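A.B. asks: Sharing protein38.csv below, CSV, C-alpha atoms:
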chain,number,residue,atom,x,y,z
A,176,MET,CA,28.3,0.3,-0.2
A,177,SER,CA,30.3,-1.3,2.7
A,178,GLU,CA,30.7,-5.1,2.9
A,179,THR,CA,29.0,-4.9,6.3
A,180,PHE,CA,25.8,-3.9,4.6
A,181,LEU,CA,26.1,-6.2,1.7
A,182,LYS,CA,25.7,-9.3,3.9
A,183,THR,CA,22.2,-10.7,3.9
A,184,PRO,CA,20.6,-10.1,7.3
A,185,SER,CA,20.4,-13.2,9.4
A,186,SER,CA,16.9,-14.1,10.4
A,187,THR,CA,16.1,-16.5,13.1
A,188,ARG,CA,14.5,-19.8,12.1
A,189,GLY,CA,11.6,-18.9,14.5
A,190,GLY,CA,10.9,-15.6,12.6
A,191,LEU,CA,10.9,-17.4,9.3
A,192,ARG,CA,8.7,-20.1,10.6
A,193,ALA,CA,6.3,-17.6,12.1
A,194,ASP,CA,6.1,-15.7,8.8
A,195,LEU,CA,5.5,-18.9,6.9
A,196,ALA,CA,2.8,-20.1,9.4
A,197,ILE,CA,1.0,-16.7,9.4
A,198,GLY,CA,1.3,-16.6,5.6
A,199,ILE,CA,-0.3,-20.0,5.2
A,200,VAL,CA,-3.1,-19.2,7.6
A,201,PHE,CA,-3.8,-15.9,5.8
A,202,LEU,CA,-3.7,-17.6,2.3
A,203,VAL,CA,-6.1,-20.3,3.4
A,204,CYS,CA,-8.5,-17.8,4.9
A,205,ALA,CA,-8.3,-15.5,1.9
A,206,ILE,CA,-8.9,-18.4,-0.6
A,207,ALA,CA,-11.8,-19.8,1.4
A,208,ALA,CA,-13.5,-16.4,1.9
A,209,PRO,CA,-15.5,-16.2,-1.4
A,210,PHE,CA,-16.7,-19.8,-0.9
A,211,VAL,CA,-17.9,-19.1,2.6
A,212,ILE,CA,-19.3,-15.6,2.1
A,213,ASP,CA,-22.4,-15.4,-0.1
A,214,SER,CA,-22.9,-11.6,0.0
A,215,LYS,CA,-21.5,-9.7,-3.0
A,216,TYR,CA,-21.3,-6.6,-0.8
A,217,LEU,CA,-19.0,-8.3,1.7
A,218,ILE,CA,-16.8,-9.7,-1.0
A,219,GLY,CA,-16.6,-6.2,-2.5
A,220,GLN,CA,-15.5,-5.0,0.9
A,221,LEU,CA,-12.8,-7.6,1.0
A,222,ILE,CA,-11.5,-6.4,-2.4
A,223,VAL,CA,-11.4,-2.8,-1.1
A,224,GLY,CA,-9.6,-4.1,2.0
A,225,LEU,CA,-7.0,-5.7,-0.2
A,226,PHE,CA,-6.5,-2.5,-2.1
A,227,TRP,CA,-5.9,-0.5,1.1
A,228,ALA,CA,-3.7,-3.2,2.6
A,229,ALA,CA,-1.5,-3.2,-0.5
A,230,ILE,CA,-1.0,0.5,-0.4
A,231,ALA,CA,-0.3,0.3,3.4
A,232,VAL,CA,2.3,-2.4,2.8
A,233,GLN,CA,4.1,-0.2,0.4
A,234,TRP,CA,3.8,3.0,2.5
A,235,ASN,CA,5.2,0.9,5.4
A,236,LEU,CA,8.1,-0.2,3.3
A,237,LEU,CA,8.8,3.5,2.5
A,238,PHE,CA,8.3,4.9,6.0
A,239,GLY,CA,8.4,2.0,8.4
A,240,TYR,CA,11.5,0.5,6.9
A,241,ALA,CA,13.3,3.2,5.0
A,242,GLY,CA,12.2,6.2,7.2
A,243,VAL,CA,10.9,8.3,4.3
A,244,PHE,CA,7.8,10.1,5.4
A,245,SER,CA,5.9,10.7,2.1
A,246,LEU,CA,2.4,12.1,1.8
A,247,ALA,CA,2.2,11.4,-1.9
A,248,GLN,CA,1.2,7.7,-1.7
A,249,MET,CA,-2.4,8.3,-2.9
A,250,ALA,CA,-1.0,10.5,-5.7
A,251,VAL,CA,1.2,7.6,-6.8
A,252,PHE,CA,-1.8,5.3,-6.5
A,253,ALA,CA,-3.8,7.7,-8.6
A,254,VAL,CA,-1.1,7.9,-11.3
A,255,GLY,CA,-1.3,4.1,-11.6
A,256,GLY,CA,-5.1,4.2,-12.0
A,257,TYR,CA,-5.1,7.2,-14.4
A,258,GLY,CA,-2.3,5.7,-16.4
A,259,THR,CA,-4.3,2.5,-16.8
A,260,ALA,CA,-7.4,4.4,-17.8
A,261,MET,CA,-5.7,6.8,-20.2
A,262,THR,CA,-3.6,4.1,-22.0
A,263,ALA,CA,-6.7,1.9,-22.4
A,264,THR,CA,-8.8,4.9,-23.6
A,265,TYR,CA,-6.4,6.7,-25.9
A,266,LEU,CA,-4.0,4.0,-27.0
A,267,GLY,CA,-6.4,1.1,-27.1
A,268,PHE,CA,-4.2,-1.1,-24.7
A,269,ASN,CA,-5.9,-4.2,-23.3
A,270,ILE,CA,-6.5,-4.0,-19.6
A,271,TRP,CA,-3.4,-6.0,-18.5
A,272,LEU,CA,-1.0,-4.0,-20.6
A,273,ALA,CA,-2.7,-0.8,-19.4
A,274,ILE,CA,-2.3,-1.9,-15.8
A,275,LEU,CA,1.4,-2.5,-16.4
A,276,SER,CA,1.9,0.8,-18.1
A,277,GLY,CA,0.1,2.5,-15.2
A,278,ALA,CA,2.5,0.9,-12.8
A,279,VAL,CA,5.5,2.0,-14.9
A,280,GLY,CA,4.1,5.5,-15.1
A,281,ALA,CA,3.6,5.6,-11.3
A,282,THR,CA,7.3,4.6,-10.9
A,283,LEU,CA,8.5,7.3,-13.2
A,284,PHE,CA,6.3,9.9,-11.5
A,285,SER,CA,7.6,8.8,-8.1
A,286,MET,CA,11.2,8.9,-9.2
A,287,VAL,CA,10.8,12.5,-10.4
A,288,VAL,CA,9.1,13.3,-7.1
A,289,GLY,CA,12.0,11.6,-5.3
A,290,LEU,CA,14.6,13.6,-7.2
A,291,ALA,CA,12.9,16.8,-6.0
A,292,CYS,CA,12.1,15.7,-2.4
A,293,LEU,CA,15.0,13.5,-1.3
A,294,ARG,CA,17.5,16.3,-1.3
A,295,LEU,CA,15.6,17.3,1.7
A,296,GLN,CA,15.0,15.5,5.0
A,297,GLY,CA,12.3,14.9,7.6
A,298,VAL,CA,9.2,17.0,7.7
A,299,TYR,CA,10.3,18.9,4.5
A,300,VAL,CA,9.9,15.7,2.5
A,301,ALA,CA,6.4,15.3,3.9
A,302,LEU,CA,5.5,18.9,3.0
A,303,LEU,CA,6.9,18.8,-0.5
A,304,THR,CA,5.3,15.4,-1.3
A,305,PHE,CA,2.0,16.7,0.0
A,306,ALA,CA,2.3,19.9,-2.1
A,307,ILE,CA,3.1,17.9,-5.2
A,308,SER,CA,0.0,15.6,-4.6
A,309,ASN,CA,-2.2,18.7,-4.3
A,310,VAL,CA,-0.8,20.3,-7.5
A,311,LEU,CA,-1.5,17.1,-9.4
A,312,TYR,CA,-5.1,17.0,-8.0
A,313,LEU,CA,-5.7,20.6,-9.0
A,314,LEU,CA,-4.3,20.0,-12.5
A,315,ILE,CA,-6.8,17.2,-13.1
A,316,VAL,CA,-9.9,18.8,-11.6
A,317,THR,CA,-9.3,22.2,-13.4
A,318,ASP,CA,-8.7,20.6,-16.8
A,319,THR,CA,-11.7,21.8,-18.8
A,320,ALA,CA,-10.2,22.0,-22.3
A,321,CYS,CA,-11.8,19.7,-24.8
A,322,PHE,CA,-9.3,17.0,-25.9
A,323,GLN,CA,-11.6,14.5,-27.7
A,324,MET,CA,-15.2,14.4,-28.8
A,325,ILE,CA,-17.2,11.3,-27.9
A,326,GLY,CA,-20.4,11.7,-29.8
A,327,THR,CA,-21.7,15.0,-28.5
A,328,THR,CA,-19.7,14.8,-25.3
A,329,CYS,CA,-16.4,16.6,-24.8
A,330,ARG,CA,-13.7,14.6,-23.0
A,331,GLN,CA,-10.8,16.4,-21.2
A,332,PHE,CA,-7.3,14.9,-21.5
A,333,THR,CA,-7.2,14.0,-17.8
A,334,GLY,CA,-10.9,13.3,-17.6
A,335,GLY,CA,-11.4,16.5,-15.6
A,336,ALA,CA,-13.5,16.4,-12.5
A,337,GLY,CA,-15.5,13.4,-13.8
A,338,GLY,CA,-12.5,11.2,-14.4
A,339,PHE,CA,-12.7,8.1,-16.7
A,340,ALA,CA,-15.2,5.2,-16.9
A,341,ARG,CA,-15.8,2.1,-18.9
A,342,PHE,CA,-12.4,1.7,-20.4
A,343,GLY,CA,-12.1,-2.0,-19.8
A,344,ASP,CA,-12.3,-4.6,-17.0
A,345,PHE,CA,-10.9,-8.0,-16.1
A,346,GLY,CA,-13.5,-9.8,-18.3
A,347,MET,CA,-15.0,-11.7,-15.4
A,348,ARG,CA,-18.5,-10.4,-16.1
A,349,GLN,CA,-18.5,-12.3,-19.4
A,350,LEU,CA,-16.6,-15.3,-18.1
A,351,LEU,CA,-18.4,-15.9,-14.7
A,352,ARG,CA,-21.5,-13.8,-15.1
A,353,ALA,CA,-23.3,-13.7,-11.7
A,354,ASP,CA,-20.1,-14.7,-9.9
A,355,TRP,CA,-17.9,-12.0,-11.6
A,356,VAL,CA,-17.1,-10.4,-8.3
A,357,LYS,CA,-15.4,-13.6,-7.1
A,358,GLY,CA,-13.3,-13.6,-10.2
A,359,ASN,CA,-12.3,-10.0,-9.6
A,360,TYR,CA,-11.5,-10.9,-6.0
A,361,ALA,CA,-9.1,-13.7,-7.1
A,362,ILE,CA,-7.2,-11.3,-9.4
A,363,VAL,CA,-7.0,-8.6,-6.8
A,364,LEU,CA,-5.9,-11.2,-4.2
A,365,ALA,CA,-3.1,-12.4,-6.6
A,366,GLY,CA,-2.0,-8.7,-7.0
A,367,PHE,CA,-1.9,-8.2,-3.3
A,368,LEU,CA,0.1,-11.4,-2.7
A,369,LEU,CA,2.6,-10.3,-5.3
A,370,THR,CA,2.9,-7.0,-3.5
A,371,LEU,CA,3.3,-8.7,-0.1
A,372,ILE,CA,5.9,-11.3,-1.3
A,373,ALA,CA,7.9,-8.6,-3.0
A,374,SER,CA,7.9,-6.5,0.2
A,375,TRP,CA,9.0,-9.6,2.2
A,376,VAL,CA,11.9,-10.4,-0.1
A,377,ILE,CA,13.1,-6.7,-0.1
A,378,ILE,CA,12.9,-6.4,3.6
A,379,ARG,CA,15.0,-9.6,4.2
A,380,SER,CA,17.5,-8.7,1.5
A,381,PRO,CA,20.8,-6.6,1.8
A,382,MET,CA,18.8,-3.8,0.2
A,383,GLY,CA,16.3,-4.0,3.1
A,384,LEU,CA,19.1,-3.9,5.6
A,385,ALA,CA,20.4,-0.7,4.0
A,386,PHE,CA,16.9,0.8,4.2
A,387,LYS,CA,16.7,0.0,8.0
A,388,ALA,CA,20.2,1.3,8.6
A,389,LEU,CA,19.3,4.7,7.1
A,390,ARG,CA,16.1,4.7,9.2
A,391,ASP,CA,17.8,3.9,12.5
A,392,ASN,CA,21.0,5.8,12.3
A,393,GLN,CA,21.5,7.8,9.1
A,394,SER,CA,24.8,9.3,10.0
A,395,TYR,CA,26.4,5.9,10.8
A,396,ALA,CA,24.9,4.3,7.7
A,397,VAL,CA,26.3,7.0,5.5
A,398,ALA,CA,29.7,6.7,7.2
A,399,ARG,CA,29.6,2.9,6.4
A,400,GLY,CA,29.2,3.6,2.7
A,401,ILE,CA,25.5,3.8,2.1
A,402,ASN,CA,24.4,6.5,-0.4
A,403,ARG,CA,21.3,8.0,1.3
A,404,PHE,CA,19.9,9.7,-1.8
A,405,HIS,CA,20.4,6.7,-4.2
A,406,THR,CA,19.1,4.2,-1.6
A,407,GLN,CA,16.0,6.2,-0.7
A,408,LEU,CA,15.3,7.0,-4.4
A,409,LEU,CA,15.4,3.2,-5.0
A,410,VAL,CA,12.8,2.5,-2.3
A,411,PHE,CA,10.7,5.4,-3.7
A,412,GLY,CA,10.6,3.6,-7.1
A,413,ILE,CA,10.0,0.1,-5.7
A,414,SER,CA,7.1,1.3,-3.5
A,415,ALA,CA,5.7,3.3,-6.4
A,416,PHE,CA,5.6,0.4,-8.8
A,417,PHE,CA,3.5,-1.8,-6.6
A,418,THR,CA,1.3,1.1,-5.4
A,419,GLY,CA,0.7,2.0,-9.1
A,420,LEU,CA,0.0,-1.6,-9.9
A,421,THR,CA,-2.6,-1.5,-7.1
A,422,GLY,CA,-4.1,1.7,-8.6
A,423,GLY,CA,-4.4,0.0,-12.0
A,424,LEU,CA,-6.2,-3.0,-10.4
A,425,TYR,CA,-8.5,-0.6,-8.6
A,426,ALA,CA,-9.4,1.2,-11.8
A,427,ALA,CA,-10.0,-2.1,-13.7
A,428,HIS,CA,-12.1,-3.5,-10.9
A,429,PHE,CA,-14.4,-0.4,-10.6
A,430,GLN,CA,-14.1,0.4,-14.4
A,431,ALA,CA,-13.6,4.0,-13.3
A,432,ILE,CA,-11.1,6.4,-11.8
A,433,SER,CA,-11.7,9.9,-10.6
A,434,PRO,CA,-10.0,12.7,-8.5
A,435,SER,CA,-11.7,11.3,-5.4
A,436,VAL,CA,-8.8,8.8,-5.1
A,437,PHE,CA,-6.7,11.9,-4.0
A,438,SER,CA,-8.9,12.1,-0.9
A,439,MET,CA,-7.0,13.2,2.2
A,440,SER,CA,-9.2,11.1,4.4
A,441,THR,CA,-8.2,8.0,2.4
A,442,LEU,CA,-4.5,8.8,2.8
A,443,LEU,CA,-5.0,9.2,6.6
A,444,PHE,CA,-6.9,5.9,6.7
A,445,ILE,CA,-3.9,4.2,5.0
A,446,MET,CA,-1.5,5.7,7.4
A,447,ALA,CA,-3.8,4.7,10.3
A,448,ILE,CA,-3.8,1.2,9.1
A,449,ALA,CA,0.0,1.0,9.2
A,450,VAL,CA,0.1,2.8,12.6
A,451,VAL,CA,-2.5,0.6,14.2
A,452,GLY,CA,-0.9,-2.6,12.9
A,453,GLY,CA,2.6,-1.5,13.6
A,454,THR,CA,5.0,0.5,11.3
A,455,GLY,CA,8.2,-1.2,10.6
A,456,THR,CA,6.6,-4.6,11.1
A,457,PHE,CA,5.9,-6.9,8.2
A,458,TRP,CA,2.4,-8.1,9.2
A,459,GLY,CA,1.4,-4.8,10.7
A,460,PRO,CA,-0.4,-3.3,7.6
A,461,VAL,CA,-2.3,-6.6,7.1
A,462,LEU,CA,-3.5,-6.8,10.7
A,463,GLY,CA,-4.2,-3.0,10.8
A,464,THR,CA,-6.4,-3.3,7.6
A,465,ILE,CA,-8.4,-6.2,9.2
A,466,VAL,CA,-9.0,-4.3,12.4
A,467,LEU,CA,-10.0,-1.0,10.9
A,468,MET,CA,-12.0,-2.4,8.0
A,469,VAL,CA,-14.0,-4.6,10.5
A,470,ALA,CA,-14.4,-1.6,12.9
A,471,ASP,CA,-15.6,0.6,10.0
A,472,GLU,CA,-18.1,-2.0,8.8
A,473,LEU,CA,-19.5,-2.5,12.3
A,474,MET,CA,-20.1,1.2,12.6
A,475,ARG,CA,-21.6,1.5,9.1
A,476,ASP,CA,-25.1,2.3,10.6
A,477,ALA,CA,-23.7,4.8,13.1
A,478,GLY,CA,-24.3,7.7,10.6
A,479,GLN,CA,-22.4,10.8,11.5
A,480,PHE,CA,-20.8,9.1,14.4
A,481,ARG,CA,-19.0,6.6,12.2
A,482,THR,CA,-16.0,8.8,11.5
A,483,LEU,CA,-15.9,9.9,15.1
A,484,GLY,CA,-15.9,6.3,16.4
A,485,LEU,CA,-13.2,5.4,14.0
A,486,GLY,CA,-11.1,8.4,15.0
A,487,LEU,CA,-11.5,7.5,18.7
A,488,LEU,CA,-10.5,3.9,18.0
A,489,ILE,CA,-7.3,5.0,16.2
A,490,ALA,CA,-6.5,7.4,19.1
A,491,VAL,CA,-6.8,4.6,21.6
A,492,PHE,CA,-4.4,2.4,19.6
A,493,VAL,CA,-1.9,5.3,19.2
A,494,VAL,CA,-2.0,6.1,23.0
A,495,LEU,CA,-2.1,2.5,24.4
A,496,LEU,CA,-0.1,0.7,21.6
A,497,PRO,CA,2.3,3.3,20.1
A,498,ARG,CA,4.2,0.5,18.3
A,499,GLY,CA,1.0,-1.0,17.0
A,500,ILE,CA,-0.5,-4.4,17.6
A,501,VAL,CA,2.2,-6.4,15.9
A,502,GLY,CA,5.0,-4.3,17.6
A,503,ARG,CA,3.4,-4.8,21.0
A,504,LEU,CA,3.0,-8.5,20.4
A,505,SER,CA,6.6,-8.8,19.3
A,506,ASP,CA,7.7,-7.0,22.5
A,507,PHE,CA,5.6,-9.4,24.6
A,508,LEU,CA,7.1,-12.5,22.9
A,509,THR,CA,10.6,-11.2,23.3
A,510,THR,CA,10.0,-10.7,27.0
A,511,ILE,CA,8.7,-14.2,27.4
A,512,ARG,CA,11.7,-15.7,25.5
A,513,ALA,CA,14.1,-13.6,27.7
A,514,ARG,CA,12.4,-14.9,30.9
A,515,LYS,CA,12.7,-18.5,29.7
A,516,ALA,CA,16.4,-18.0,28.8
A,517,ALA,CA,17.3,-16.4,32.1
A,518,PRO,CA,17.1,-19.5,34.3
A,519,GLN,CA,19.1,-21.5,31.7
A,520,GLN,CA,21.9,-18.9,31.8
A,521,GLY,CA,21.9,-19.0,35.7
A,522,ASP,CA,22.5,-22.7,35.5
What would you get if you wrote out this structure as structure tokens?

C.D. replies:
Amino acid sequence: MSETFLKTPSSTRGGLRADLAIGIVFLVCAIAAPFVIDSKYLIGQLIVGLFWAAIAVQWNLLFGYAGVFSLAQMAVFAVGGYGTAMTATYLGFNIWLAILSGAVGATLFSMVVGLACLRLQGVYVALLTFAISNVLYLLIVTDTACFQMIGTTCRQFTGGAGGFARFGDFGMRQLLRADWVKGNYAIVLAGFLLTLIASWVIIRSPMGLAFKALRDNQSYAVARGINRFHTQLLVFGISAFFTGLTGGLYAAHFQAISPSVFSMSTLLFIMAIAVVGGTGTFWGPVLGTIVLMVADELMRDAGQFRTLGLGLLIAVFVVLLPRGIVGRLSDFLTTIRARKAAPQQGD
């Protein structure tokens, strides 16, 4: 890799201060939430929002920063969840070791997918990752062979169409009893913060600069010494580890994992989160999650019009704010700074 790309990207102090300020506000609000909100349902929705935000952050790293349009993100998430369930069920791992093994399994799965897909480019990567995701889903739901007898019940190796259940949890039900959901929220929040911080470090590192160089001008980046295949395979693995970790936390929180996690609607919702917030922006997936989760919750009683309303909202954002909320806000602030700097240059 050329020395030009080995240099750490220089970030303005204003950008660092903005990230720090937003991060502090977000952390304070996130910590205060379970103490302010009494409803277990709403805390449960916050937990689900953290799961979707974590996946969106990693998909944004993969697509928004590295330019790899993968449709296997929910498959990677599922491998993390299934890896957690299967190692806890068959190998007797405690839940924490099972979650870690699920994340490692998701990374290995993603690297294999990357080896197959990253020889291609553009839409062909999307099509092949989508095909692999569907094949994995079909292998699970069509698994009917008896692998283990539990009493009089036959369990399939992959759990089959029913999946896995009651293989372990975080232990908060025994520790906090009625407030167990708050304990789970704290653990999931910690996992999300780990994902967010790791993404921030990667984006601002020389590695992140190489990702963006390939996204913006692949021919020039390759000419300057960046190996496209190795670099994109690396981001595939990094994104998969944290997505798989999120899948393990999801499985442990709900004490269940099933083929429903492969849902195409969930994948589209994750992608919409990144698009609404702003792909290629650090805070975009977080803000996009807040906007769409709140909108979805407000339309909860709309019945069959709930999906329609959500779809129209996403369409409005795509048309009016093609760079997302954070991207548009960034453009606005850049324009303001330029106008302020113009008179000074004239003097």

A.B. asks: Would you mind listing what lies within 8 Å of Ala301 (chain A) as a list in words, with only C-alpha atoms counted and same-chain residues fewer than 2 positions away left out?

C.D. replies: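 Once the adjacent positions are removed, what remains is Phe244, Ser245, Leu246, Gly297, Val298, Tyr299, Leu303, Thr304 and Phe305 of chain A.
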
A.B. asks: Pick out the residues sitting within 8 Å of Gly463 (chain A), and hand them over as a PyMOL selection string; count all atoms listed in the file, and ignore anything fewer than 6 positions along from it in its own chain.

C.D. replies: chain A and resi 447-453+500

A.B. asks: Go ahead and save the picked residues with C-alpha atoms, as a compact mmCIF listing (two decimals), keeping the file's coordinate frame.

C.D. replies:
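Wrote it out as again_11.txt, contents follow:
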# COMPACT_ATOMS: atom_id res chain seq x y z
CA ALA A 447 -3.80 4.70 10.30
CA ILE A 448 -3.80 1.20 9.10
CA ALA A 449 0.00 1.00 9.20
CA VAL A 450 0.10 2.80 12.60
CA VAL A 451 -2.50 0.60 14.20
CA GLY A 452 -0.90 -2.60 12.90
CA GLY A 453 2.60 -1.50 13.60
CA ILE A 500 -0.50 -4.40 17.60

A.B. asks: Work out how far apart CA of His405 (chain A) and CA of Phe386 (chain A) are and give it in Å to one decimal.

C.D. replies: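 These two atoms are separated by 10.8 Å.
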
A.B. asks: Using all atoms listed in the file, which residues of region 413-486 of chain A come within 6 Å of region 247-254 of chain A, and what is the closest atom pair for each, with the distance in Å to one decimal? Give it as CSV, sorted by chain and residue number.

C.D. replies:
residue,atom,partner,partner_atom,distance
A:Thr418,CA,A:Phe252,CA,5.3
A:Gly419,CA,A:Phe252,CA,4.9
A:Gly422,CA,A:Phe252,CA,4.8
A:Phe437,CA,A:Met249,CA,5.7

A.B. asks: Between A:Thr317, A:Thr456, A:Ser285, A:Thr464, which has the minimum distance to Pro434 (chain A) (counting only C-alpha atoms)?

C.D. replies: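 Ranked by minimum distance to Pro434 (chain A), first place goes to A:Thr317.
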
A.B. asks: Using all atoms listed in the file, pick whichever of A:Phe429, A:Phe404, A:Phe480, A:Phe411 has the shortest atom-to-atom distance to Gln233 (chain A).

C.D. replies: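 The closest residue to Gln233 (chain A) is A:Phe411.
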
A.B. asks: With only C-alpha atoms as the atoms that count, which of A:Ala205, A:Val279, A:Val501, A:Leu389 lies nearest to Val243 (chain A)?

C.D. replies: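 Closest candidate: A:Leu389.
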
A.B. asks: Please compute the CA of Ala241 (chain A)-CA of Leu293 (chain A) distance, one decimal, in Å.

C.D. replies: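 Answer for the CA of Ala241 (chain A) to CA of Leu293 (chain A) separation: 12.2 Å.
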
A.B. asks: For the contact check between region 339-426 of chain A and region 266-272 of chain A, emit one row per residue of region 339-426 of chain A within 9 Å, containing the shortest atom pair and the distance in Å rounded to one decimal, counting only C-alpha atoms, chain then rising number order, as CSV.

C.D. replies:
residue,atom,partner,partner_atom,distance
A:Phe342,CA,A:Ile270,CA,8.2
A:Gly343,CA,A:Ile270,CA,5.9
A:Asp344,CA,A:Ile270,CA,6.4
A:Phe345,CA,A:Ile270,CA,6.9
A:Gly423,CA,A:Ile270,CA,8.8
